[in-house]
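Note sheet for the following structure.
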Amino acid sequence: MMRELFESRFGSSQGARLVTAPGRVNLIGEHTDYNLLPVFPMALQFGIRILFRPRGDASVRLASTAPGFGDRSFELQTEIQPYAAGDWGNYVKAAAQAVAEHWNLKRGMDAVVSGDLPMSAGLSSSSAMVVASALALLDVDRVAADRIELAELMAAAEHYVGTHGGGMDQAICLGGKRGHAALIEFAPLRITPVAVPEHWRFLVAHSMVKANKSAGAREHYNQCVADCRSAAAIMGDFRTLVGAANEEDVLAQGQARLEDRLFHRFRHQVSEGRRVYLARDAMAAGDAKRFGSLMLASHRSMRDDYLISCPEVDQLVDTAMTSGAIGARMTGAGFGGFVVALTDAANVDSLIRRLDQRFYAARGVSGVMAGHLFQVEPSGGAAVSLA
Ligand code: NG1
């Protein structure tokens with residue numbers, strides 16, 4: 001399908017190359033990355049693929065296999081004007097502008113973009129697109145970029161689309177390791193793989209509420225970032241506070257000094273930052289029960305303190321728990337999107353069946369058939385290969 005589309009638009013695909021960039025599921029540590037607090041995601045077996053062939057000039061010509069994603073074309077340069085907000089081509093432009101500026105790249109490409117990742121659902125389709133585009137353009141000019149440097153650059157580059165996000169998605173997309181989750185810490189960026197125990201299984205289930213980050217959810221997201229900046233201006237660096245010996249003292253000080261809304265934002269940050277390290281330890285020790293209870297505590301914190309959940313997501317988390325999950329929580333930016341649930345190999349089929357019966361059947365769909373409910377596997381990071 002990609003090759004046919006390529007040939008119909010751009011002629012022969014001989015010598016074309018393929019870049020694959022995975023989406024991710026964040027296991028714990030939500031909305032913490034933009035405060036430079038740690039996160040704990042894993043790369044997925046699904047993602048974005050770009051079939052590309054270098055051009056002799058600076059044009060970037062794009063086609064997509066996704067219905068409704070029309071062709072796009074622009075020139076590679078250090079100041080690229082964005083398309084209208086929400087346009088898919090902006091994710092390619094975001095990467096193009098950054099790599100053109102940083103590595104002084106001047107050669108464009110013909111490219112077909114394809115993906116098997118649900119969009120706008122908290123599985124990071126956007127960053128997979130940005131990272132894939134950057135790797136393709138770097139490959140065109142045979143630049144071998146350092147992955148940590150590229151992850152940091154792409155995190156900043158994605159602000160081009162209007163979301164003031166942190167650096168989790170680009171880091172795990174570039175630094176994922178098969179069979180592993182990763183503890184990601186920031187400033188400086190560090191990616192530490194942690195093996196997922198062999199019998200642990202993660203499922204993702206969509207709430208059927210679309211979290212459209214290019215529209216209304218973007219303002220909510222940016223508001224969270226702005227609130228944290230305000231809280232940090234009063235309380236100081238969150239990293240120091242998460243590392244402080246006595247969490248209760250830190251929270252009592254926060255309560256005394258912050259107005260109510262900021263205090264709730266602050267409490268989520270401080271407690272979530274700690275939970276990430278505790279969850280890393282639980283996974284390293286193979287303690288699924290502990291990991292699951294940290295996931296649940298994270299969900300409550302997002303629901304009650306950070307106010308980024310919604311009734312459908314809460315119901316899905318509850319349904320997962322009453323259907324045999326060891327832990328469950330919303331994952332990603334929130335305001336809808338996916339829930340991630342932990343179970344073990346012996347129970348994965350019954351959890352899928354029950355979620356289908358108890359959550360999706362009531363909404364008139366089969367979660368599995370509709371692509372709302374599936375198992376995710378810890379996968380490797382983005383790569384370029386011969387097509
Ligand atoms: P998703 O779930 O892909 O919208 C966003 C941010 C992350 C992080 C999470 C919440 C971007 C590109 N991604 O991810 O940095 O803050 O929300 O934990 O903005």
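Within each chain, counting starts at residue 1; across the structure tokens, chains are named A, B, ... in the order shown, with ligands numbered 1 upward in that order.
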Could you list the protein, DNA and RNA residues that have any atom within 7 Å of ligand 1, counting only C-alpha atoms and all ligand atoms, and write them as an MDAnalysis selection string?
chainID A and resid 29:34 120:127 158 163:169 213 331:334
Could you list, as a PDB file with N, CA and C atoms, in the first residue's frame, every residue within 10 Å of Val204 in chain A, counting only C-alpha atoms and ignoring same-chain residues fewer than 4 positions away?
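And here is the file that came out, result06.pdb:
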```pdb
ATOM      1  N   VAL A  25       3.257   3.736  25.395  1.00  0.00           N
ATOM      2  CA  VAL A  25       2.258   3.833  26.454  1.00  0.00           C
ATOM      3  C   VAL A  25       3.023   4.240  27.709  1.00  0.00           C
ATOM      4  N   LEU A 123      -1.291   7.835  22.864  1.00  0.00           N
ATOM      5  CA  LEU A 123      -0.249   6.839  22.596  1.00  0.00           C
ATOM      6  C   LEU A 123       0.870   7.452  21.757  1.00  0.00           C
ATOM      7  N   ALA A 328      -4.682  -0.326  37.019  1.00  0.00           N
ATOM      8  CA  ALA A 328      -5.147   0.355  35.796  1.00  0.00           C
ATOM      9  C   ALA A 328      -5.119   1.855  36.038  1.00  0.00           C
ATOM     10  N   ARG A 329      -4.886   2.605  34.975  1.00  0.00           N
ATOM     11  CA  ARG A 329      -4.854   4.064  35.072  1.00  0.00           C
ATOM     12  C   ARG A 329      -5.011   4.673  33.677  1.00  0.00           C
ATOM     13  N   MET A 330      -5.452   5.915  33.666  1.00  0.00           N
ATOM     14  CA  MET A 330      -5.449   6.629  32.394  1.00  0.00           C
ATOM     15  C   MET A 330      -3.993   6.832  31.969  1.00  0.00           C
ATOM     16  N   THR A 331      -3.745   6.869  30.665  1.00  0.00           N
ATOM     17  CA  THR A 331      -2.381   7.099  30.198  1.00  0.00           C
ATOM     18  C   THR A 331      -2.371   8.214  29.155  1.00  0.00           C
ATOM     19  N   GLY A 337      -9.187   9.445  25.837  1.00  0.00           N
ATOM     20  CA  GLY A 337      -8.085   8.610  25.358  1.00  0.00           C
ATOM     21  C   GLY A 337      -8.039   7.252  26.036  1.00  0.00           C
ATOM     22  N   PHE A 338      -6.828   6.714  26.166  1.00  0.00           N
ATOM     23  CA  PHE A 338      -6.645   5.331  26.598  1.00  0.00           C
ATOM     24  C   PHE A 338      -6.411   5.164  28.100  1.00  0.00           C
ATOM     25  N   VAL A 339      -6.790   3.953  28.562  1.00  0.00           N
ATOM     26  CA  VAL A 339      -6.435   3.457  29.890  1.00  0.00           C
ATOM     27  C   VAL A 339      -5.433   2.334  29.670  1.00  0.00           C
ATOM     28  N   VAL A 340      -4.444   2.207  30.550  1.00  0.00           N
ATOM     29  CA  VAL A 340      -3.525   1.062  30.492  1.00  0.00           C
ATOM     30  C   VAL A 340      -3.787   0.192  31.719  1.00  0.00           C
ATOM     31  N   ALA A 341      -3.826  -1.120  31.498  1.00  0.00           N
ATOM     32  CA  ALA A 341      -4.103  -2.047  32.602  1.00  0.00           C
ATOM     33  C   ALA A 341      -3.021  -3.116  32.646  1.00  0.00           C
ATOM     34  N   LEU A 342      -2.668  -3.520  33.854  1.00  0.00           N
ATOM     35  CA  LEU A 342      -1.672  -4.583  34.057  1.00  0.00           C
ATOM     36  C   LEU A 342      -2.394  -5.869  34.452  1.00  0.00           C
ATOM     37  N   ILE A 352      -9.570  -9.274  28.657  1.00  0.00           N
ATOM     38  CA  ILE A 352     -10.031  -8.710  27.374  1.00  0.00           C
ATOM     39  C   ILE A 352     -11.509  -9.035  27.165  1.00  0.00           C
ATOM     40  N   HIS A 372     -10.240  -0.782  19.769  1.00  0.00           N
ATOM     41  CA  HIS A 372     -10.194   0.015  20.999  1.00  0.00           C
ATOM     42  C   HIS A 372      -9.453  -0.703  22.128  1.00  0.00           C
ATOM     43  N   LEU A 373      -9.313  -2.012  21.982  1.00  0.00           N
ATOM     44  CA  LEU A 373      -8.823  -2.828  23.107  1.00  0.00           C
ATOM     45  C   LEU A 373      -7.785  -3.812  22.588  1.00  0.00           C
ATOM     46  N   PHE A 374      -6.552  -3.684  23.060  1.00  0.00           N
ATOM     47  CA  PHE A 374      -5.525  -4.618  22.590  1.00  0.00           C
ATOM     48  C   PHE A 374      -4.354  -4.686  23.562  1.00  0.00           C
ATOM     49  N   GLN A 375      -3.601  -5.762  23.369  1.00  0.00           N
ATOM     50  CA  GLN A 375      -2.418  -5.970  24.207  1.00  0.00           C
ATOM     51  C   GLN A 375      -1.254  -5.194  23.618  1.00  0.00           C
ATOM     52  N   VAL A 376      -0.401  -4.633  24.462  1.00  0.00           N
ATOM     53  CA  VAL A 376       0.764  -3.906  23.948  1.00  0.00           C
ATOM     54  C   VAL A 376       2.045  -4.599  24.415  1.00  0.00           C
TER      55      VAL A 376
END
```
Of the candidates A:Gly216, A:Gly179, A:Gly243, A:Gly47, which one gets nearest to His199 in chain A if we count only C-alpha atoms?
A:Gly179
Restricting the calculation to only C-alpha atoms, which member of A:Ser114, A:Arg72, A:Trp103, A:Arg17 is positioned closest to Leu5 in chain A?
A:Ser114
Using backbone DSSP assignments, extract all alpha helix (DSSP H) residues from range 155-374 of chain A; output them as a ChimeraX atom specification.
/A:155-157,168-175,216-235,238-243,247-257,260-284,288-300,311-322,348-355
Could you pull out the residues in range 20-59 of chain A that DSSP calls strand (DSSP E) from the backbone, as a VMD selection string?
chain A and resid 20 to 28 40 to 54 59
Which of A:Val161, A:Val270, A:Leu37, A:Ile308 sits closest to Arg190 in chain A [using only C-alpha atoms]
A:Leu37
For Lys177 in chain A, find every residue with an atom within 7 Å (counting only C-alpha atoms), except residues of its own chain fewer than 3 positions away, and show them as a PDB file with C-alpha atoms, in the first residue's frame.
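Wrote it out as out-v5.pdb, contents follow:
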```pdb
ATOM      1  CA  HIS A 180      11.832  -3.220  28.458  1.00  0.00           C
ATOM      2  CA  PRO A 193      15.781   0.421  30.515  1.00  0.00           C
ATOM      3  CA  SER A 379       9.190  -2.774  21.755  1.00  0.00           C
ATOM      4  CA  GLY A 380      12.353  -1.235  20.353  1.00  0.00           C
ATOM      5  CA  GLY A 381      12.978   2.361  19.349  1.00  0.00           C
TER       6      GLY A 381
END
```
Long-range neighbours of Gly327 in chain A as a PyMOL selection string, 7 Å cut-off, only C-alpha atoms, 4 positions minimum in chain
chain A and resi 292-293+295-296+321+341-342
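Between Gly23 in chain A and the candidates A:Glu219, A:Asp237, A:Glu75, A:Asp116, the tightest atom-to-atom separation, counting only C-alpha atoms, involves A:Asp116.
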Interatomic distance, CA of Val384 in chain A to CA of Val194 in chain A (Å, one decimal)
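Atom-to-atom, CA of Val384 in chain A to CA of Val194 in chain A, that is 24.2 Å.
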So which residues touch Ser309 in chain A within 9 Å, counting only C-alpha atoms, skipping near sequence neighbours fewer than 2 positions away, as a list in words?
His299, Met302, Arg303, Asp304, Tyr306, Leu307, Pro311, Glu312, Val313, Asp314, Met330, Gly334, Phe335 and Gly336 of chain A
When you draw a straight line from CA of Arg363 in chain A to CA of Met208 in chain A, how long is it in Å?
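If I compute the distance from CA of Arg363 in chain A to CA of Met208 in chain A, I get 9.1 Å.
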At what distance in Å, to one decimal, does CA of Leu153 in chain A lie from CA of Ala233 in chain A?
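Rounded to one decimal, the two atoms are 25.5 Å apart.
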Smallest atom-to-atom distance to Val140 in chain A: which of A:Gly15, A:His206, A:Trp200, A:Asp281, using only C-alpha atoms?
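Once distances to Val140 in chain A are computed over only C-alpha atoms, the minimum belongs to A:Gly15.
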Quick one: everything within 9 Å of Phe69 in chain A, counting only C-alpha atoms, minus sequence neighbours fewer than 5 positions away in the same chain. Send it as a ChimeraX atom specification.
/A:63-64,87-89
Would you mind exporting the chosen residues as a PDB file, in the first residue's frame, restricted to C-alpha atoms?
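This went into out-v2.pdb:
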```pdb
ATOM      1  CA  ALA A  63       1.506  11.760   0.786  1.00  0.00           C
ATOM      2  CA  SER A  64      -0.307   9.757   3.445  1.00  0.00           C
ATOM      3  CA  ASP A  87      -2.879  20.011  10.070  1.00  0.00           C
ATOM      4  CA  TRP A  88      -0.990  16.703   9.895  1.00  0.00           C
ATOM      5  CA  GLY A  89       1.800  18.261   7.842  1.00  0.00           C
TER       6      GLY A  89
END
```
In terms of the shortest atom-to-atom distance over only C-alpha atoms, which of A:Arg9, A:Arg147, A:Asp141, A:Ala95 is closest to Asp71 in chain A?
A:Arg9
